[in-house]
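Comments concern the structure below.
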Amino acid sequence: MNKTIFEITKMDCPSEENLIRMKLDGISSIANLDFDIQNRKLIVFHSGKIDQIEKSIIELNLGGKKISTEQTDQTQFKENANQKKLLWSVLVINFAFFIIEMTTGIISKSMGLVADSLDMLADSFVYGISLFAVGGTIIKKKRIAKLAGYFQIILAVIGFVEVLRRFFGAEKLPDFSTMIIVSIFALIANGICLYILQKSKSKEEAHMKASMIFTSNDVIINLGVIIAGLLVNWMSSNKPDLIIGTIVFVLVIQGAFRILKLSK
C-alpha cells in the first residue's frame, strides 16, 4: 500500500471535497481518501502508480499538487456509515436556501440574492450527483453531471443578461434590508452545512476552528451580499447589488465548468 499526499490550494469547502471524490470514483487502485480541508491536504491510500490519480486531480483545476509518496502498512480505514445521511442534510439545507434566496431576490429586486441562490443550487447539484448516483455506473454519474453543469450555466447567463438590463435601465432600488437579513440566515446555513460535514471526521475536526468557516467561498459570498446591501442603502444606488451579483455569477459559472469536467 502506498500513501500519497496532495496539496489542493482551492479546496476550501466540502463541495470541492465532493467534486474530488466523484472525479476519483471508479479508480480501482484507490483504497481510501483522507481529506483535511482546514490544511487543504488530501491523503490517498492506493496500490500501484499514482499517475492516473494525479492526472484526475490536476484536471479539476483546484490547484492540486503532489507533495510526497511513501509506502505504508496501514490497511484498515474507518468507514463513515452516516455519510449518506450527512449528504442528505446539506443537500436539503442548500436547496431550501436556493428557493428562499431566489424567491426573496426576485421580490426584493436583488441580483446579489438571486446570484447567491444559484451558488446554493450549485452546491446542491454536487451533493445530489453523489447521492442519486450511489450504486450507479460511472456513465450515469457523468450524464447527471453534464445536465447539472449546463443547466447551471444557462441560469447564470440569464442572470448576466438581467444584470446588464438593470445596469443600463431605470430600476427601483433593491430592498437592502431583505438582502442583509436573508444573507445573514444564509451565512448561518453555510456554517451549519460545514459543521455537519465535518462531524463525519475525527472529533478534533468536528470542533473545527471558526476561522476555517470563514475561508469558505460561500461564506465570503454571503458577506459580500450583506456589504452590498449596506452600500445600496448608503449610496441610494443599485450598482453595488449588480456588482456583487456579477461576481457571484462568475463563480457559479466556474463551478459549472468544474461539474462539467466530471462528465468527461
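Residues in the C-alpha cells are numbered from 1 in each chain, the chains being A, B, ... in the order shown, and ligands are numbered from 1 in the order shown.
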
Apply DSSP to the backbone of this structure and, from region 14-245 of chain A, keep only the residues in strand (DSSP E); write these as number ranges by chain. A: 30-36, 41-46, 64-71

Selection to disk with C-alpha atoms, as a short mmCIF file (atom, residue, chain, number, x, y, z; two decimals), in the first residue's frame:
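File produced: result-v5.cif:
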data_model
loop_
_atom_site.label_atom_id
_atom_site.label_comp_id
_atom_site.auth_asym_id
_atom_site.auth_seq_id
_atom_site.Cartn_x
_atom_site.Cartn_y
_atom_site.Cartn_z
CA ILE A 30 -7.61 3.71 -4.53
CA ALA A 31 -8.17 2.14 -1.11
CA ASN A 32 -9.11 5.29 0.84
CA LEU A 33 -9.25 9.09 0.61
CA ASP A 34 -8.50 11.16 3.72
CA PHE A 35 -9.39 14.88 3.36
CA ASP A 36 -8.01 17.68 5.52
CA LYS A 41 -4.46 18.43 2.03
CA LEU A 42 -5.63 15.11 0.57
CA ILE A 43 -4.05 11.78 1.53
CA VAL A 44 -4.64 8.99 -0.99
CA PHE A 45 -4.04 5.38 0.05
CA HIS A 46 -3.53 3.35 -3.12
CA GLY A 64 -3.74 20.10 -6.93
CA LYS A 65 -0.06 19.27 -6.48
CA LYS A 66 1.61 16.05 -5.33
CA ILE A 67 3.71 16.56 -2.20
CA SER A 68 5.04 13.09 -1.44
CA THR A 69 4.55 9.34 -1.89
CA GLU A 70 5.65 6.68 0.57
CA GLN A 71 4.88 3.11 1.48
#

Spatial neighbours of Ile196 (chain A), max dist 10 Å, only C-alpha atoms, sep filter under 6 positions, as a list in words: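 Contacts, in chain order: Leu86, Leu87, Ser89, Val90, Asn190 and Ala206 of chain A.
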
So which residues of region 3-241 of chain A fall under helix (DSSP H, G or I) by DSSP, listed as a count of residues only? 152

Counting only C-alpha atoms, figure out which residue out of A:Ile57, A:Leu147, A:Val219, A:Arg258 gets nearest to Ile192 (chain A).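 Nearest to Ile192 (chain A): A:Val219.
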
Quick one: everything within 9 Å of Ile226 (chain A), counting only C-alpha atoms, minus sequence neighbours fewer than 4 positions away in the same chain. Send it as a ChimeraX atom specification. /A:176,179-184,221-222,230-231

Take the selection from the previous step and output its residues with C-alpha atoms, as a PDB file, in the first residue's frame.
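See part_37.pdb below for the written result:
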ATOM      1  CA  PHE A 176     -31.424  46.439   1.218  1.00  0.00           C
ATOM      2  CA  MET A 179     -30.666  41.463   1.237  1.00  0.00           C
ATOM      3  CA  ILE A 180     -28.986  41.750   4.626  1.00  0.00           C
ATOM      4  CA  ILE A 181     -31.433  39.635   6.653  1.00  0.00           C
ATOM      5  CA  VAL A 182     -31.638  36.759   4.148  1.00  0.00           C
ATOM      6  CA  SER A 183     -27.840  36.747   3.658  1.00  0.00           C
ATOM      7  CA  ILE A 184     -27.285  36.531   7.417  1.00  0.00           C
ATOM      8  CA  ILE A 221     -20.258  35.493  -0.908  1.00  0.00           C
ATOM      9  CA  ASN A 222     -22.810  35.895   1.887  1.00  0.00           C
ATOM     10  CA  LEU A 230     -25.357  48.314   3.198  1.00  0.00           C
ATOM     11  CA  LEU A 231     -23.845  50.157   0.199  1.00  0.00           C
TER      12      LEU A 231
END

In Å, rounded to a single decimal, give me how far CA of Leu121 (chain A) is from CA of Ile99 (chain A).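 Atom-to-atom, CA of Ile99 (chain A) to CA of Leu121 (chain A), that is 8.7 Å.
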